Amino acid sequence: YGGAVVSFTGVTSSISDSTFTSNFALAGCAIFSGSDTMSISRCTITSHSAYIHGGAVYVHYSTYFGIADSTFSSNTANNNGGTLFADHGTISISNTDFTSSRSTTGHGGTFYFNGAIITLTNVDISDSRCALIGGAGYVSTESHLTILSSTLKHCVGLTGGALYTEFVTVIMNNVTMEHNIADGNTDGGAIYVYFTSCDITNTRFHNNTGRNGGALTIYTSSVET
């Protein structure tokens, strides 16, 4: 785990003005963060391919993991989270672009969050694809996801072209979701929410495609718009 950087319990670290390219690991080819505090700023992380989860980054029960003013491109995971996989922890991402992420056999083309607290602010995700559910992201199991002033576009998944959520809480404000596709002739061209509490305000859905719910499919959930 962590082809370039590994950080474990109790460590506080920061990485800035750095480039990570074509490192390899089973998971988190660039960075593994476990039970620690880590901040990344002004970094470029590109062209990684993980054998299992988290093409570029794997976060495991981190106290805090922050990304700011960075660029991620062309990262791939064989299973879940083409660029970022997080199993619990607190994650904050701001002013960062993710392009051309892939999950080749799993969920979450760009990110996969399980039991985590996540805030995305001014994040742009484009050309993200997965083989299964959540073209840009898959969020599950009591996670809390907040997306602010961000764009998810040109993403493709079998269900939930951009985003799939289950058993979580989601807040979205000033978000643009456009040109996303649920590619398996299924539901939720932009978002599929399943057993989710979801508050969506000031958000634009444009030219998303799904069999049912071209923009949004709601299943046994509470949604306010």
# chains A, B, ... in the order shown; residues from 1 in each chain; ligands from 1
>>> residues_around(residues="Phe85 of chain A", least_positions_apart="5", cutoff="8 Å", atoms="only C-alpha atoms", output="NGL selection string")
:A and (28 or 53-55 or 57-59 or 80 or 111-113)
>>> residues_around(residues="Ala86 of chain A", least_positions_apart="4", cutoff="12 Å", atoms="only C-alpha atoms", output="JSON, numbers by chain")
{"A": [27, 28, 31, 32, 33, 34, 35, 53, 54, 55, 56, 57, 58, 59, 60, 61, 62, 63, 64, 65, 80, 81, 82, 90, 91, 92, 108, 110, 111, 112, 113, 114, 115, 116, 117, 118, 137, 138, 139, 140, 141, 143]}
>>> residues_around(residues="Tyr219 of chain A", least_positions_apart="5", cutoff="9 Å", atoms="only C-alpha atoms", output="CSV table (one decimal) with N, CA, C and O atoms, in the first residue's frame")
chain,number,residue,atom,x,y,z
A,192,TYR,N,-28.3,8.5,-8.2
A,192,TYR,CA,-29.2,7.6,-7.6
A,192,TYR,C,-29.0,7.6,-6.1
A,192,TYR,O,-28.0,7.3,-5.6
A,193,VAL,N,-30.1,7.9,-5.4
A,193,VAL,CA,-30.1,7.9,-4.0
A,193,VAL,C,-30.9,6.8,-3.4
A,193,VAL,O,-32.1,6.6,-3.8
A,194,TYR,N,-30.3,6.0,-2.5
A,194,TYR,CA,-30.9,4.8,-2.0
A,194,TYR,C,-30.8,4.8,-0.5
A,194,TYR,O,-29.7,4.9,0.1
A,195,PHE,N,-32.0,4.9,0.2
A,195,PHE,CA,-32.0,5.0,1.7
A,195,PHE,C,-31.1,6.1,2.1
A,195,PHE,O,-30.2,5.9,3.0
A,196,THR,N,-31.3,7.3,1.6
A,196,THR,CA,-30.4,8.5,1.8
A,196,THR,C,-31.2,9.7,2.2
A,196,THR,O,-32.3,9.9,1.7
>>> closest_residue(among="A:Ser16, A:Ser74, A:Thr146, A:Thr209", to="Ser126 of chain A", atoms="only C-alpha atoms")
A:Ser74
>>> residues_around(residues="segment 102-107 of chain A", least_positions_apart="5", cutoff="6 Å", atoms="only C-alpha atoms", output="list in words")
Thr76, Ala77, Asn78, Asn79, Asn80, Gly82, Arg129, Cys130, Ala131, Leu132, Ile133 and Gly134 of chain A
>>> select_by_dssp(residues="segment 9-222 of chain A", states="strand (DSSP E)", output="ChimeraX atom specification")
/A:12-16,19-21,31-34,37-41,44-46,49-50,57-68,71-73,76-77,84-99,102-103,111-126,129-130,137-140,144-148,151-153,156-157,163-166,169-173,176-178,181-182,191-194,197-201,204-206,216-219,222
>>> residues_around(residues="segment 122-125 of chain A", least_positions_apart="5", cutoff="6 Å", atoms="only C-alpha atoms", output="list in words")
Ser94, Asn95, Thr96, Asp97, Phe98, Thr99, Ser149, Ser150, Thr151 and Leu152 of chain A
>>> write_last_selection(atoms="all heavy atoms", output="PDB file, in the first residue's frame")
ATOM      1  N   SER A  94     -10.650  20.655  -1.703  1.00  0.00           N
ATOM      2  CA  SER A  94     -11.050  21.968  -2.208  1.00  0.00           C
ATOM      3  C   SER A  94     -10.181  22.394  -3.383  1.00  0.00           C
ATOM      4  O   SER A  94      -9.005  22.022  -3.480  1.00  0.00           O
ATOM      5  CB  SER A  94     -10.970  23.018  -1.096  1.00  0.00           C
ATOM      6  OG  SER A  94      -9.645  23.149  -0.623  1.00  0.00           O
ATOM      7  N   ASN A  95     -10.790  23.145  -4.296  1.00  0.00           N
ATOM      8  CA  ASN A  95     -10.066  23.750  -5.425  1.00  0.00           C
ATOM      9  C   ASN A  95      -9.200  22.723  -6.166  1.00  0.00           C
ATOM     10  O   ASN A  95      -8.023  22.967  -6.463  1.00  0.00           O
ATOM     11  CB  ASN A  95      -9.192  24.908  -4.933  1.00  0.00           C
ATOM     12  CG  ASN A  95      -9.984  25.942  -4.158  1.00  0.00           C
ATOM     13  OD1 ASN A  95     -11.096  26.297  -4.542  1.00  0.00           O
ATOM     14  ND2 ASN A  95      -9.423  26.403  -3.054  1.00  0.00           N
ATOM     15  N   THR A  96      -9.805  21.600  -6.464  1.00  0.00           N
ATOM     16  CA  THR A  96      -9.056  20.470  -7.037  1.00  0.00           C
ATOM     17  C   THR A  96      -9.827  19.868  -8.214  1.00  0.00           C
ATOM     18  O   THR A  96     -11.059  19.783  -8.175  1.00  0.00           O
ATOM     19  CB  THR A  96      -8.797  19.411  -5.954  1.00  0.00           C
ATOM     20  OG1 THR A  96      -7.908  19.965  -4.969  1.00  0.00           O
ATOM     21  CG2 THR A  96      -8.180  18.153  -6.519  1.00  0.00           C
ATOM     22  N   ASP A  97      -9.086  19.447  -9.252  1.00  0.00           N
ATOM     23  CA  ASP A  97      -9.677  18.841 -10.443  1.00  0.00           C
ATOM     24  C   ASP A  97      -9.321  17.358 -10.524  1.00  0.00           C
ATOM     25  O   ASP A  97      -8.173  16.965 -10.263  1.00  0.00           O
ATOM     26  CB  ASP A  97      -9.158  19.530 -11.706  1.00  0.00           C
ATOM     27  CG  ASP A  97      -9.591  20.986 -11.801  1.00  0.00           C
ATOM     28  OD1 ASP A  97     -10.574  21.365 -11.138  1.00  0.00           O
ATOM     29  OD2 ASP A  97      -8.937  21.745 -12.539  1.00  0.00           O
ATOM     30  N   PHE A  98     -10.324  16.566 -10.906  1.00  0.00           N
ATOM     31  CA  PHE A  98     -10.133  15.141 -11.163  1.00  0.00           C
ATOM     32  C   PHE A  98     -10.589  14.856 -12.596  1.00  0.00           C
ATOM     33  O   PHE A  98     -11.753  15.105 -12.937  1.00  0.00           O
ATOM     34  CB  PHE A  98     -10.970  14.292 -10.206  1.00  0.00           C
ATOM     35  CG  PHE A  98     -10.608  14.430  -8.752  1.00  0.00           C
ATOM     36  CD1 PHE A  98     -11.167  15.433  -7.979  1.00  0.00           C
ATOM     37  CD2 PHE A  98      -9.719  13.544  -8.156  1.00  0.00           C
ATOM     38  CE1 PHE A  98     -10.854  15.551  -6.632  1.00  0.00           C
ATOM     39  CE2 PHE A  98      -9.392  13.654  -6.809  1.00  0.00           C
ATOM     40  CZ  PHE A  98      -9.961  14.666  -6.054  1.00  0.00           C
ATOM     41  N   THR A  99      -9.712  14.331 -13.429  1.00  0.00           N
ATOM     42  CA  THR A  99     -10.078  14.014 -14.806  1.00  0.00           C
ATOM     43  C   THR A  99      -9.638  12.601 -15.163  1.00  0.00           C
ATOM     44  O   THR A  99      -8.614  12.109 -14.698  1.00  0.00           O
ATOM     45  CB  THR A  99      -9.446  15.000 -15.812  1.00  0.00           C
ATOM     46  OG1 THR A  99      -8.026  14.958 -15.691  1.00  0.00           O
ATOM     47  CG2 THR A  99      -9.935  16.413 -15.563  1.00  0.00           C
ATOM     48  N   SER A 149     -20.378  24.172  -4.550  1.00  0.00           N
ATOM     49  CA  SER A 149     -19.766  24.931  -5.663  1.00  0.00           C
ATOM     50  C   SER A 149     -18.870  24.057  -6.526  1.00  0.00           C
ATOM     51  O   SER A 149     -17.724  24.396  -6.826  1.00  0.00           O
ATOM     52  CB  SER A 149     -18.973  26.122  -5.102  1.00  0.00           C
ATOM     53  OG  SER A 149     -19.805  26.952  -4.316  1.00  0.00           O
ATOM     54  N   SER A 150     -19.396  22.924  -6.959  1.00  0.00           N
ATOM     55  CA  SER A 150     -18.601  21.936  -7.690  1.00  0.00           C
ATOM     56  C   SER A 150     -19.323  21.490  -8.957  1.00  0.00           C
ATOM     57  O   SER A 150     -20.515  21.755  -9.143  1.00  0.00           O
ATOM     58  CB  SER A 150     -18.307  20.731  -6.792  1.00  0.00           C
ATOM     59  OG  SER A 150     -17.528  21.110  -5.675  1.00  0.00           O
ATOM     60  N   THR A 151     -18.583  20.786  -9.822  1.00  0.00           N
ATOM     61  CA  THR A 151     -19.126  20.302 -11.089  1.00  0.00           C
ATOM     62  C   THR A 151     -18.775  18.834 -11.287  1.00  0.00           C
ATOM     63  O   THR A 151     -17.626  18.439 -11.093  1.00  0.00           O
ATOM     64  CB  THR A 151     -18.567  21.113 -12.271  1.00  0.00           C
ATOM     65  OG1 THR A 151     -18.911  22.491 -12.107  1.00  0.00           O
ATOM     66  CG2 THR A 151     -19.121  20.611 -13.588  1.00  0.00           C
ATOM     67  N   LEU A 152     -19.780  18.042 -11.667  1.00  0.00           N
ATOM     68  CA  LEU A 152     -19.577  16.646 -12.054  1.00  0.00           C
ATOM     69  C   LEU A 152     -20.147  16.490 -13.453  1.00  0.00           C
ATOM     70  O   LEU A 152     -21.354  16.659 -13.668  1.00  0.00           O
ATOM     71  CB  LEU A 152     -20.270  15.697 -11.084  1.00  0.00           C
ATOM     72  CG  LEU A 152     -19.712  15.599  -9.654  1.00  0.00           C
ATOM     73  CD1 LEU A 152     -20.237  16.742  -8.781  1.00  0.00           C
ATOM     74  CD2 LEU A 152     -20.086  14.260  -9.013  1.00  0.00           C
TER      75      LEU A 152
END
>>> residues_around(residues="Val156 of chain A", least_positions_apart="5", cutoff="7 Å", atoms="only C-alpha atoms", output="list of chain:residue names")
A:Ser128, A:Arg129, A:Cys130, A:Gly135, A:Gly161, A:Ala162, A:Asn180, A:Ile181, A:Ala182, A:Asp183
>>> closest_residue(among="A:Ile93, A:Ala136, A:Met38, A:Cys198", to="Phe167 of chain A", atoms="only C-alpha atoms")
A:Cys198
>>> atom_distance(atom1="atom CA of Leu120 of chain A", atom2="atom CA of Gly160 of chain A")
18.3 Å
>>> atom_distance(atom1="atom CA of Tyr164 of chain A", atom2="atom CA of Ile218 of chain A")
10.5 Å
>>> closest_residue(among="A:Thr12, A:Ser70, A:Ser7, A:Asn208", to="Ser41 of chain A", atoms="only C-alpha atoms")
A:Ser70
>>> closest_residue(among="A:Arg42, A:His206, A:His48, A:His179", to="Thr21 of chain A", atoms="only C-alpha atoms")
A:His48
>>> residues_around(residues="Thr186 of chain A", least_positions_apart="3", cutoff="6 Å", atoms="only C-alpha atoms", output="list of chain:residue names")
A:Thr159, A:Ala182, A:Gly210, A:Arg211
>>> write_last_selection(atoms="C-alpha atoms", output="PDB file, in the first residue's frame")
ATOM      1  CA  THR A 159     -26.439   3.124 -12.281  1.00  0.00           C
ATOM      2  CA  ALA A 182     -26.450   5.709 -16.462  1.00  0.00           C
ATOM      3  CA  GLY A 210     -31.003   7.416 -17.544  1.00  0.00           C
ATOM      4  CA  ARG A 211     -33.829   4.964 -18.199  1.00  0.00           C
TER       5      ARG A 211
END
>>> atom_distance(atom1="atom CA of Ser47 of chain A", atom2="atom CA of Phe20 of chain A")
8.5 Å
